[in-house]
Every structure is written in structure tokens, then in C-alpha cells.
Amino acid sequence: MTASPHPRAVAVTGLGLITPAGIGREDTWAGVLRGRSTADTDPELKDCPVDFSCRIPAMTPEQKRIGGGKAWRMGRFTQLAVLAAREAVADAGLETASWDGARVAVVIGTGLAGAVHLETQTLRHHQGGSDLVSPSLIPMLIPNMAAGEVAADLGAHGPSLATETACASGATALAVARDLLLSGACDIAIAGGSEAAVTPVVTTGFARMGALSGRVDQPALASRPFAADRDGFVIAEGAAVLVLERPADAAARGRRGYAHLAGAGLTSDAHHPTAPSPGGEYAEAALRAALAEAGLSPADVDHVNAHGTSTPLNDRTEAGLIARVLPHGPSVTAPKGVLGHSLGASGAVEAALTALTIRDSRVAPIANLAAGGAGCGSGGSPYDIDCVTGTVREQRVGAAVSHSFGFGGHNVVLLLTAP
């Protein structure tokens, strides 16, 4: 790696995380490094065909305080985005009272936005009529409101955008935010993803289509990315927000940053609403586009943060992609083994975890995967990929890719490098 950043690199100077592994950046990171699943039986999913999930731990009043009497109008996914954004901005050492808000952009992705509120308010309407429907239903429901409320909370008057590419939404938000910085449309970009859609109807919908693990008697063993006996993902909630700046601007503030977001590749399978293209050729195109943008070759990649949903089709296609394009064997991790699948937030969560991997030179193990157990080929035969299992691996990471793939055929690959 060269001392000066690639001209299309932007610096990651702040991180905010709220996940099933913990409230805040460092608690989440510690939980992911432990490598133990957070899945458990969920009382709110009682009587559903799959009754377990990965929930965010209960927050203290101070941890969840929005203030100003505003929380009542926000959906849960919006509240999580606001809280994660506050942590990220504070972590970056930025003062919202003194920055030029017109030069600050906000881009927040989500998959199902306020689905929980539509579900609960529909029940209230059926049970008691229109007078019981909350006047805040629409603000709690619509997907752009996370970006809008984050912008209002921080006094950010630049572009405010919402991305919706299903499970790639958070990663798409980071790619869009990077483009805004590089175009000169802003000087600071607050970007990430948020999701809070663990509801009976949504969970049942995923179960009915065969996407969820059915291990109702062993929820802690259900999310098992790349394992030969994987049978589906575990639904989760979470939020991650990253602060992006041009490296020169960050350096002028005395900030080196966690990592540089040096490349992004976005493609579409145009194949099937929910299944990946079997050959993975367009996911491969996204990976190669990210490498090209960063001016790197496949051999430069030290680490892969895999999408790794624990579904039979996704993991097989992704393992084949890694083995084919990165045959030198970079380390592979898959945080959904610990965190479950937070849908539209997951790409941002995993980009943040990749930045922490670069900062600490530590690769987290994949939960519920035994050594040598990457059974991703047909009939369970393994692809030759170097999955990290058991315990943390100490490894200096100079360049890493984070994969995100979404229903609708959305492929997003982010490439992060050491600053």
C-alpha cells in the first residue's frame, strides 16, 4: 500500500453501532469478536413458525434518549439511526454546533423501514377503527424518514437521501455517500443503514418463503454461515452509521481515520426476485469494479467480510465467488453468525466491522462453524476458502472487501484499505 491515499478514497473517521451484540461501537465489536450467536427465542414471535430472532439488548433510558419530545413521532428504525449517527459524529470528533451544515450530507439505507408500525396500526384499525390509528403512522413508516430525522437532529442541510436495495441498502448508502464527497456536493457524509422489522408478519413471510433457519429448538446454533448443514438466516435488527470525509480534510483536523473506503462496485443480477444468479458472475463484476476503483488487484485483498447469510444458495454462490476471484486465500469472516441478518442495515454494520478489523488487526471468528467446515459446494463439498473459526485471528489487514447482496439482484462490494 502507498503512503498517500488513492484519489477516489474517502476516510472513515467515525463509527456508530447498535446491534444484538451490544449498544455502541466497542460493545458490538467485543461481542462479534467473542464469536457466539446472539439468537434466542423471541416472545414477540410466539406462535410464528419461526419464533426466534437476534434482538438489540434493552437500552437504558440514557442510551435510548432522543430528547426534545421527538421520539414519539419516530419509527424504531429511525430512532436507531439517530442514536447511531450521534455516536458516529461524536467518535469523529465533529461539533455539530460549529460545522457548516450546508456541506453535510446524510444517506441512510433501510429494507423494510417502519413495517412494524404498519403491522401494529393495521391491527388497531381492524380492532377499533380509524380513531385508534396513530397520526404519526406515515412518518414512522416511510423509508426516507431515518435520513430526514438524522439530518434534523444533526443540523445537516446538504443532500439527504434514502437508499433501498433490500439487504444491500446500508452498503449502497455508503457507496452513494462516497460519490457525494468525491463530486464535491458535500464535505462530510453521514451514511449507513438501520432496520427494525422483527415482527410476526415479516418473520412469517420470510419463513414461508423458506429463507429462515428452522432450528426452533436450538436458536443459538441456527445462524451458521458457510456450514454444510446451514438451513437459513436468523432475522435481526440493528443500525450502523459511518462518518466519511476526504482524507485531506480529515488530516487537517488531525484525524487519520479507521480506514479508507477506496472502492465500490454495484451491479444487478437481473435474474430472480430472491435467488442469486447461480454463477455469481455479476457479484464477481461488482468485486472486480471495487478493485479497479481502488487501483488494486485481487491478490492485494487480505480479508473478506462475507455477506454470509447462512442460506444454502447465497453461501454456495458467495464461496464460489471468493474461491474463483481470490484464490490466494484471504481470511473470511461472516458476522451474521453472531448478529443474525439485520436486512437493510447489515451492509453498513459489516462495513463498520471491517473498518474495526483494519484498526485492530483482528479478524472475528464465524459463529457455529467448525474448523474446516466450509461446506458450500453441491452435496456439501467445501470450496477452498479460509474461513476464520473458533477464536480471533491476529492478522494485519491492508485491504479488505465487504460483500452485500440483496433481494432483487442487488450486488454491492465495498473495498476498504488501511489509512
# chains A, B, ... in the order shown; residues from 1 in each chain; ligands from 1
$ residues_around --residues "segment 52-54 of chain A" --least-positions-apart "5" --cutoff "12 Å" --atoms "only C-alpha atoms" --output "PDB file with N, CA, C and O atoms, in the first residue's frame"
ATOM      1  N   THR A  19     -26.379  -3.006  17.813  1.00  0.00           N
ATOM      2  CA  THR A  19     -26.627  -4.336  17.262  1.00  0.00           C
ATOM      3  C   THR A  19     -27.018  -5.309  18.376  1.00  0.00           C
ATOM      4  O   THR A  19     -26.924  -4.977  19.564  1.00  0.00           O
ATOM      5  N   PRO A  20     -27.426  -6.517  18.015  1.00  0.00           N
ATOM      6  CA  PRO A  20     -27.710  -7.517  19.049  1.00  0.00           C
ATOM      7  C   PRO A  20     -26.498  -7.864  19.914  1.00  0.00           C
ATOM      8  O   PRO A  20     -26.669  -8.408  21.013  1.00  0.00           O
ATOM      9  N   ALA A  21     -25.298  -7.545  19.462  1.00  0.00           N
ATOM     10  CA  ALA A  21     -24.096  -7.838  20.250  1.00  0.00           C
ATOM     11  C   ALA A  21     -23.800  -6.761  21.276  1.00  0.00           C
ATOM     12  O   ALA A  21     -22.976  -6.977  22.171  1.00  0.00           O
ATOM     13  N   GLY A  22     -24.438  -5.586  21.153  1.00  0.00           N
ATOM     14  CA  GLY A  22     -24.169  -4.545  22.128  1.00  0.00           C
ATOM     15  C   GLY A  22     -24.631  -3.180  21.689  1.00  0.00           C
ATOM     16  O   GLY A  22     -24.855  -2.924  20.503  1.00  0.00           O
ATOM     17  N   ARG A  36     -19.966 -15.752  19.430  1.00  0.00           N
ATOM     18  CA  ARG A  36     -21.102 -16.550  19.892  1.00  0.00           C
ATOM     19  C   ARG A  36     -22.407 -15.900  19.427  1.00  0.00           C
ATOM     20  O   ARG A  36     -22.593 -14.684  19.551  1.00  0.00           O
ATOM     21  N   SER A  37     -23.313 -16.717  18.940  1.00  0.00           N
ATOM     22  CA  SER A  37     -24.572 -16.211  18.404  1.00  0.00           C
ATOM     23  C   SER A  37     -25.399 -15.488  19.468  1.00  0.00           C
ATOM     24  O   SER A  37     -25.406 -15.885  20.641  1.00  0.00           O
ATOM     25  N   THR A  38     -26.100 -14.445  19.044  1.00  0.00           N
ATOM     26  CA  THR A  38     -26.995 -13.712  19.931  1.00  0.00           C
ATOM     27  C   THR A  38     -28.453 -14.150  19.770  1.00  0.00           C
ATOM     28  O   THR A  38     -29.343 -13.567  20.390  1.00  0.00           O
ATOM     29  N   ALA A  39     -28.701 -15.151  18.947  1.00  0.00           N
ATOM     30  CA  ALA A  39     -30.082 -15.571  18.674  1.00  0.00           C
ATOM     31  C   ALA A  39     -30.715 -16.209  19.901  1.00  0.00           C
ATOM     32  O   ALA A  39     -30.069 -16.954  20.646  1.00  0.00           O
ATOM     33  N   ASP A  40     -32.004 -15.927  20.083  1.00  0.00           N
ATOM     34  CA  ASP A  40     -32.731 -16.510  21.211  1.00  0.00           C
ATOM     35  C   ASP A  40     -34.227 -16.504  20.880  1.00  0.00           C
ATOM     36  O   ASP A  40     -34.684 -15.778  19.994  1.00  0.00           O
ATOM     37  N   THR A  41     -34.980 -17.312  21.626  1.00  0.00           N
ATOM     38  CA  THR A  41     -36.432 -17.315  21.483  1.00  0.00           C
ATOM     39  C   THR A  41     -36.973 -15.919  21.741  1.00  0.00           C
ATOM     40  O   THR A  41     -36.551 -15.245  22.682  1.00  0.00           O
ATOM     41  N   ASP A  42     -37.900 -15.490  20.894  1.00  0.00           N
ATOM     42  CA  ASP A  42     -38.417 -14.128  20.938  1.00  0.00           C
ATOM     43  C   ASP A  42     -39.897 -14.164  21.326  1.00  0.00           C
ATOM     44  O   ASP A  42     -40.727 -14.651  20.557  1.00  0.00           O
ATOM     45  N   PRO A  43     -40.258 -13.660  22.529  1.00  0.00           N
ATOM     46  CA  PRO A  43     -41.668 -13.705  22.948  1.00  0.00           C
ATOM     47  C   PRO A  43     -42.615 -13.014  21.975  1.00  0.00           C
ATOM     48  O   PRO A  43     -43.786 -13.399  21.877  1.00  0.00           O
ATOM     49  N   GLU A  44     -42.115 -12.006  21.250  1.00  0.00           N
ATOM     50  CA  GLU A  44     -42.986 -11.299  20.311  1.00  0.00           C
ATOM     51  C   GLU A  44     -43.291 -12.126  19.063  1.00  0.00           C
ATOM     52  O   GLU A  44     -44.156 -11.753  18.267  1.00  0.00           O
ATOM     53  N   LEU A  45     -42.570 -13.234  18.902  1.00  0.00           N
ATOM     54  CA  LEU A  45     -42.805 -14.111  17.748  1.00  0.00           C
ATOM     55  C   LEU A  45     -43.523 -15.402  18.160  1.00  0.00           C
ATOM     56  O   LEU A  45     -43.533 -16.379  17.407  1.00  0.00           O
ATOM     57  N   LYS A  46     -44.110 -15.393  19.340  1.00  0.00           N
ATOM     58  CA  LYS A  46     -44.838 -16.568  19.821  1.00  0.00           C
ATOM     59  C   LYS A  46     -45.897 -16.985  18.798  1.00  0.00           C
ATOM     60  O   LYS A  46     -46.588 -16.148  18.226  1.00  0.00           O
ATOM     61  N   ASP A  47     -45.983 -18.265  18.553  1.00  0.00           N
ATOM     62  CA  ASP A  47     -46.936 -18.877  17.620  1.00  0.00           C
ATOM     63  C   ASP A  47     -46.558 -18.692  16.155  1.00  0.00           C
ATOM     64  O   ASP A  47     -47.301 -19.139  15.269  1.00  0.00           O
ATOM     65  N   ALA A 196     -35.447  -2.282  11.810  1.00  0.00           N
ATOM     66  CA  ALA A 196     -36.139  -2.793  12.998  1.00  0.00           C
ATOM     67  C   ALA A 196     -37.449  -3.395  12.538  1.00  0.00           C
ATOM     68  O   ALA A 196     -38.519  -2.826  12.736  1.00  0.00           O
ATOM     69  N   ALA A 197     -37.367  -4.544  11.904  1.00  0.00           N
ATOM     70  CA  ALA A 197     -38.539  -5.153  11.270  1.00  0.00           C
ATOM     71  C   ALA A 197     -38.787  -6.572  11.747  1.00  0.00           C
ATOM     72  O   ALA A 197     -39.329  -7.398  11.011  1.00  0.00           O
ATOM     73  N   VAL A 198     -38.401  -6.864  12.990  1.00  0.00           N
ATOM     74  CA  VAL A 198     -38.647  -8.200  13.529  1.00  0.00           C
ATOM     75  C   VAL A 198     -40.077  -8.219  14.055  1.00  0.00           C
ATOM     76  O   VAL A 198     -40.353  -7.890  15.215  1.00  0.00           O
ATOM     77  N   THR A 199     -41.014  -8.562  13.194  1.00  0.00           N
ATOM     78  CA  THR A 199     -42.427  -8.600  13.539  1.00  0.00           C
ATOM     79  C   THR A 199     -42.993  -9.979  13.202  1.00  0.00           C
ATOM     80  O   THR A 199     -42.400 -10.726  12.406  1.00  0.00           O
ATOM     81  N   PRO A 200     -44.134 -10.334  13.763  1.00  0.00           N
ATOM     82  CA  PRO A 200     -44.722 -11.637  13.428  1.00  0.00           C
ATOM     83  C   PRO A 200     -45.005 -11.819  11.944  1.00  0.00           C
ATOM     84  O   PRO A 200     -44.725 -12.883  11.379  1.00  0.00           O
ATOM     85  N   VAL A 202     -43.696 -10.105   9.241  1.00  0.00           N
ATOM     86  CA  VAL A 202     -42.469 -10.110   8.441  1.00  0.00           C
ATOM     87  C   VAL A 202     -41.703 -11.418   8.633  1.00  0.00           C
ATOM     88  O   VAL A 202     -41.260 -12.051   7.672  1.00  0.00           O
ATOM     89  N   THR A 203     -41.573 -11.832   9.887  1.00  0.00           N
ATOM     90  CA  THR A 203     -40.846 -13.081  10.161  1.00  0.00           C
ATOM     91  C   THR A 203     -41.544 -14.271   9.519  1.00  0.00           C
ATOM     92  O   THR A 203     -40.901 -15.145   8.924  1.00  0.00           O
ATOM     93  N   THR A 204     -42.861 -14.301   9.611  1.00  0.00           N
ATOM     94  CA  THR A 204     -43.605 -15.397   8.990  1.00  0.00           C
ATOM     95  C   THR A 204     -43.450 -15.361   7.475  1.00  0.00           C
ATOM     96  O   THR A 204     -43.340 -16.414   6.819  1.00  0.00           O
ATOM     97  N   ALA A 207     -40.219 -16.882   6.700  1.00  0.00           N
ATOM     98  CA  ALA A 207     -40.289 -18.321   6.971  1.00  0.00           C
ATOM     99  C   ALA A 207     -41.055 -19.050   5.875  1.00  0.00           C
ATOM    100  O   ALA A 207     -40.649 -20.138   5.430  1.00  0.00           O
ATOM    101  N   LEU A 212     -35.638 -18.586   6.323  1.00  0.00           N
ATOM    102  CA  LEU A 212     -35.180 -18.623   7.710  1.00  0.00           C
ATOM    103  C   LEU A 212     -34.768 -20.022   8.138  1.00  0.00           C
ATOM    104  O   LEU A 212     -35.312 -21.020   7.672  1.00  0.00           O
ATOM    105  N   SER A 213     -33.820 -20.068   9.070  1.00  0.00           N
ATOM    106  CA  SER A 213     -33.485 -21.340   9.701  1.00  0.00           C
ATOM    107  C   SER A 213     -34.676 -21.831  10.504  1.00  0.00           C
ATOM    108  O   SER A 213     -35.397 -21.046  11.139  1.00  0.00           O
ATOM    109  N   GLY A 214     -34.872 -23.139  10.488  1.00  0.00           N
ATOM    110  CA  GLY A 214     -35.965 -23.741  11.243  1.00  0.00           C
ATOM    111  C   GLY A 214     -35.537 -24.368  12.547  1.00  0.00           C
ATOM    112  O   GLY A 214     -36.302 -25.144  13.131  1.00  0.00           O
ATOM    113  N   ARG A 215     -34.357 -24.040  13.058  1.00  0.00           N
ATOM    114  CA  ARG A 215     -33.849 -24.661  14.285  1.00  0.00           C
ATOM    115  C   ARG A 215     -34.500 -24.038  15.518  1.00  0.00           C
ATOM    116  O   ARG A 215     -33.849 -23.408  16.352  1.00  0.00           O
ATOM    117  N   VAL A 216     -35.799 -24.229  15.663  1.00  0.00           N
ATOM    118  CA  VAL A 216     -36.533 -23.601  16.762  1.00  0.00           C
ATOM    119  C   VAL A 216     -36.120 -24.166  18.118  1.00  0.00           C
ATOM    120  O   VAL A 216     -36.305 -23.505  19.149  1.00  0.00           O
ATOM    121  N   ASP A 217     -35.578 -25.357  18.154  1.00  0.00           N
ATOM    122  CA  ASP A 217     -35.145 -25.944  19.422  1.00  0.00           C
ATOM    123  C   ASP A 217     -33.723 -25.557  19.787  1.00  0.00           C
ATOM    124  O   ASP A 217     -33.296 -25.757  20.926  1.00  0.00           O
ATOM    125  N   GLN A 218     -32.978 -24.969  18.843  1.00  0.00           N
ATOM    126  CA  GLN A 218     -31.585 -24.586  19.081  1.00  0.00           C
ATOM    127  C   GLN A 218     -31.282 -23.238  18.402  1.00  0.00           C
ATOM    128  O   GLN A 218     -30.436 -23.160  17.518  1.00  0.00           O
ATOM    129  N   PRO A 219     -31.948 -22.181  18.805  1.00  0.00           N
ATOM    130  CA  PRO A 219     -31.762 -20.906  18.095  1.00  0.00           C
ATOM    131  C   PRO A 219     -30.329 -20.410  18.091  1.00  0.00           C
ATOM    132  O   PRO A 219     -29.889 -19.801  17.106  1.00  0.00           O
ATOM    133  N   ALA A 220     -29.572 -20.674  19.160  1.00  0.00           N
ATOM    134  CA  ALA A 220     -28.193 -20.194  19.206  1.00  0.00           C
ATOM    135  C   ALA A 220     -27.300 -20.892  18.190  1.00  0.00           C
ATOM    136  O   ALA A 220     -26.203 -20.415  17.898  1.00  0.00           O
ATOM    137  N   LEU A 221     -27.763 -22.007  17.639  1.00  0.00           N
ATOM    138  CA  LEU A 221     -26.991 -22.740  16.630  1.00  0.00           C
ATOM    139  C   LEU A 221     -27.533 -22.532  15.222  1.00  0.00           C
ATOM    140  O   LEU A 221     -27.037 -23.132  14.268  1.00  0.00           O
ATOM    141  N   ALA A 222     -28.531 -21.662  15.082  1.00  0.00           N
ATOM    142  CA  ALA A 222     -29.252 -21.579  13.814  1.00  0.00           C
ATOM    143  C   ALA A 222     -28.487 -20.826  12.733  1.00  0.00           C
ATOM    144  O   ALA A 222     -28.480 -21.236  11.567  1.00  0.00           O
ATOM    145  N   SER A 223     -27.858 -19.713  13.087  1.00  0.00           N
ATOM    146  CA  SER A 223     -27.122 -18.938  12.082  1.00  0.00           C
ATOM    147  C   SER A 223     -25.716 -19.514  11.980  1.00  0.00           C
ATOM    148  O   SER A 223     -24.908 -19.397  12.906  1.00  0.00           O
ATOM    149  N   PHE A 233     -31.338 -18.045   7.367  1.00  0.00           N
ATOM    150  CA  PHE A 233     -30.817 -16.986   8.230  1.00  0.00           C
ATOM    151  C   PHE A 233     -31.687 -16.788   9.460  1.00  0.00           C
ATOM    152  O   PHE A 233     -32.776 -17.352   9.585  1.00  0.00           O
ATOM    153  N   VAL A 234     -31.185 -15.981  10.393  1.00  0.00           N
ATOM    154  CA  VAL A 234     -31.914 -15.576  11.587  1.00  0.00           C
ATOM    155  C   VAL A 234     -32.204 -14.088  11.454  1.00  0.00           C
ATOM    156  O   VAL A 234     -31.277 -13.291  11.285  1.00  0.00           O
ATOM    157  N   ILE A 235     -33.464 -13.692  11.531  1.00  0.00           N
ATOM    158  CA  ILE A 235     -33.822 -12.294  11.368  1.00  0.00           C
ATOM    159  C   ILE A 235     -33.332 -11.480  12.565  1.00  0.00           C
ATOM    160  O   ILE A 235     -33.332 -11.956  13.707  1.00  0.00           O
ATOM    161  N   ALA A 236     -32.912 -10.247  12.293  1.00  0.00           N
ATOM    162  CA  ALA A 236     -32.304  -9.410  13.330  1.00  0.00           C
ATOM    163  C   ALA A 236     -32.655  -7.951  13.088  1.00  0.00           C
ATOM    164  O   ALA A 236     -33.238  -7.574  12.062  1.00  0.00           O
ATOM    165  N   GLU A 237     -32.288  -7.117  14.049  1.00  0.00           N
ATOM    166  CA  GLU A 237     -32.399  -5.673  13.922  1.00  0.00           C
ATOM    167  C   GLU A 237     -31.048  -5.050  14.213  1.00  0.00           C
ATOM    168  O   GLU A 237     -30.151  -5.700  14.752  1.00  0.00           O
ATOM    169  N   GLY A 238     -30.875  -3.775  13.855  1.00  0.00           N
ATOM    170  CA  GLY A 238     -29.609  -3.118  14.124  1.00  0.00           C
ATOM    171  C   GLY A 238     -29.461  -1.844  13.323  1.00  0.00           C
ATOM    172  O   GLY A 238     -30.289  -1.516  12.459  1.00  0.00           O
ATOM    173  N   LYS A 336     -22.904 -12.372  10.437  1.00  0.00           N
ATOM    174  CA  LYS A 336     -24.291 -12.777  10.660  1.00  0.00           C
ATOM    175  C   LYS A 336     -24.392 -14.036  11.518  1.00  0.00           C
ATOM    176  O   LYS A 336     -25.457 -14.326  12.059  1.00  0.00           O
ATOM    177  N   GLY A 337     -23.315 -14.778  11.658  1.00  0.00           N
ATOM    178  CA  GLY A 337     -23.328 -15.898  12.586  1.00  0.00           C
ATOM    179  C   GLY A 337     -23.566 -15.443  14.011  1.00  0.00           C
ATOM    180  O   GLY A 337     -24.237 -16.119  14.791  1.00  0.00           O
ATOM    181  N   VAL A 338     -23.033 -14.273  14.358  1.00  0.00           N
ATOM    182  CA  VAL A 338     -23.215 -13.697  15.691  1.00  0.00           C
ATOM    183  C   VAL A 338     -24.452 -12.815  15.741  1.00  0.00           C
ATOM    184  O   VAL A 338     -25.266 -12.914  16.664  1.00  0.00           O
ATOM    185  N   LEU A 339     -24.611 -11.943  14.751  1.00  0.00           N
ATOM    186  CA  LEU A 339     -25.593 -10.872  14.800  1.00  0.00           C
ATOM    187  C   LEU A 339     -26.929 -11.210  14.170  1.00  0.00           C
ATOM    188  O   LEU A 339     -27.895 -10.456  14.340  1.00  0.00           O
ATOM    189  N   GLY A 340     -27.021 -12.306  13.435  1.00  0.00           N
ATOM    190  CA  GLY A 340     -28.181 -12.527  12.608  1.00  0.00           C
ATOM    191  C   GLY A 340     -28.157 -11.578  11.422  1.00  0.00           C
ATOM    192  O   GLY A 340     -27.178 -10.868  11.181  1.00  0.00           O
ATOM    193  N   HIS A 341     -29.252 -11.551  10.686  1.00  0.00           N
ATOM    194  CA  HIS A 341     -29.322 -10.761   9.458  1.00  0.00           C
ATOM    195  C   HIS A 341     -30.217  -9.550   9.696  1.00  0.00           C
ATOM    196  O   HIS A 341     -31.446  -9.662   9.777  1.00  0.00           O
ATOM    197  N   SER A 342     -29.592  -8.381   9.788  1.00  0.00           N
ATOM    198  CA  SER A 342     -30.339  -7.144  10.023  1.00  0.00           C
ATOM    199  C   SER A 342     -30.771  -6.480   8.725  1.00  0.00           C
ATOM    200  O   SER A 342     -30.966  -5.265   8.665  1.00  0.00           O
ATOM    201  N   LEU A 343     -30.912  -7.276   7.683  1.00  0.00           N
ATOM    202  CA  LEU A 343     -31.532  -6.854   6.427  1.00  0.00           C
ATOM    203  C   LEU A 343     -30.871  -5.575   5.902  1.00  0.00           C
ATOM    204  O   LEU A 343     -29.684  -5.559   5.637  1.00  0.00           O
TER     205      LEU A 343
END
$ select_by_dssp --residues "segment 60-247 of chain A" --states "alpha helix (DSSP H)" --output "JSON, numbers by chain"
{"A": [76, 77, 78, 79, 80, 81, 82, 83, 84, 85, 86, 87, 88, 89, 90, 91, 115, 116, 117, 118, 119, 120, 121, 122, 123, 124, 125, 126, 127, 128, 137, 138, 139, 140, 141, 145, 146, 147, 148, 149, 150, 151, 152, 153, 154, 169, 170, 171, 172, 173, 174, 175, 176, 177, 178, 179, 180, 181, 182, 183, 200, 201, 202, 203, 204, 205, 206, 207, 208, 247]}
$ residues_around --residues "Arg8 of chain A" --least-positions-apart "2" --cutoff "7 Å" --atoms "only C-alpha atoms" --output "PyMOL selection string"
chain A and resi 6+10+182+262
$ residues_around --residues "Gly279 of chain A" --least-positions-apart "3" --cutoff "12 Å" --atoms "only C-alpha atoms" --output "list in words"
Asp269, His271, Ala275, Pro276, Tyr282, Ala283, Glu284, Ala285, Leu313, Asn314, Arg316, Thr317, Glu318, Ala319, Gly320, Leu321 and Arg324 of chain A
$ residues_around --residues "Ala399 of chain A" --least-positions-apart "3" --cutoff "6 Å" --atoms "only C-alpha atoms" --output "count of residues only"
4
$ decode --residues "segment 320-335 of chain A" --atoms "N, CA and C atoms" --output "short mmCIF file (atom, residue, chain, number, x, y, z; two decimals), in the first residue's frame"
data_model
loop_
_atom_site.label_atom_id
_atom_site.label_comp_id
_atom_site.auth_asym_id
_atom_site.auth_seq_id
_atom_site.Cartn_x
_atom_site.Cartn_y
_atom_site.Cartn_z
N GLY A 320 -18.12 -19.72 -3.88
CA GLY A 320 -17.56 -19.93 -5.20
C GLY A 320 -16.93 -18.67 -5.76
N LEU A 321 -17.59 -17.52 -5.53
CA LEU A 321 -17.04 -16.24 -5.97
C LEU A 321 -15.69 -15.97 -5.32
N ILE A 322 -15.60 -16.16 -4.00
CA ILE A 322 -14.35 -15.90 -3.29
C ILE A 322 -13.25 -16.82 -3.78
N ALA A 323 -13.57 -18.10 -3.90
CA ALA A 323 -12.56 -19.06 -4.34
C ALA A 323 -12.08 -18.77 -5.76
N ARG A 324 -12.97 -18.30 -6.60
CA ARG A 324 -12.65 -18.06 -8.01
C ARG A 324 -11.83 -16.79 -8.21
N VAL A 325 -12.24 -15.70 -7.57
CA VAL A 325 -11.61 -14.40 -7.82
C VAL A 325 -10.43 -14.17 -6.88
N LEU A 326 -10.46 -14.77 -5.70
CA LEU A 326 -9.41 -14.55 -4.71
C LEU A 326 -8.78 -15.89 -4.31
N PRO A 327 -8.16 -16.57 -5.26
CA PRO A 327 -7.66 -17.93 -4.99
C PRO A 327 -6.47 -17.98 -4.03
N HIS A 328 -5.88 -16.84 -3.73
CA HIS A 328 -4.75 -16.83 -2.79
C HIS A 328 -5.17 -17.06 -1.35
N GLY A 329 -6.49 -17.03 -1.08
CA GLY A 329 -6.99 -17.43 0.24
C GLY A 329 -6.98 -16.36 1.31
N PRO A 330 -7.58 -15.20 1.07
CA PRO A 330 -7.70 -14.22 2.16
C PRO A 330 -8.60 -14.77 3.26
N SER A 331 -8.40 -14.28 4.47
CA SER A 331 -9.26 -14.70 5.57
C SER A 331 -10.69 -14.27 5.30
N VAL A 332 -11.65 -15.09 5.76
CA VAL A 332 -13.07 -14.83 5.53
C VAL A 332 -13.80 -14.87 6.86
N THR A 333 -14.57 -13.84 7.13
CA THR A 333 -15.46 -13.86 8.29
C THR A 333 -16.88 -13.57 7.82
N ALA A 334 -17.86 -13.84 8.70
CA ALA A 334 -19.27 -13.64 8.36
C ALA A 334 -20.01 -13.27 9.65
N PRO A 335 -20.16 -11.97 9.94
CA PRO A 335 -20.74 -11.55 11.22
C PRO A 335 -22.18 -11.98 11.47
#
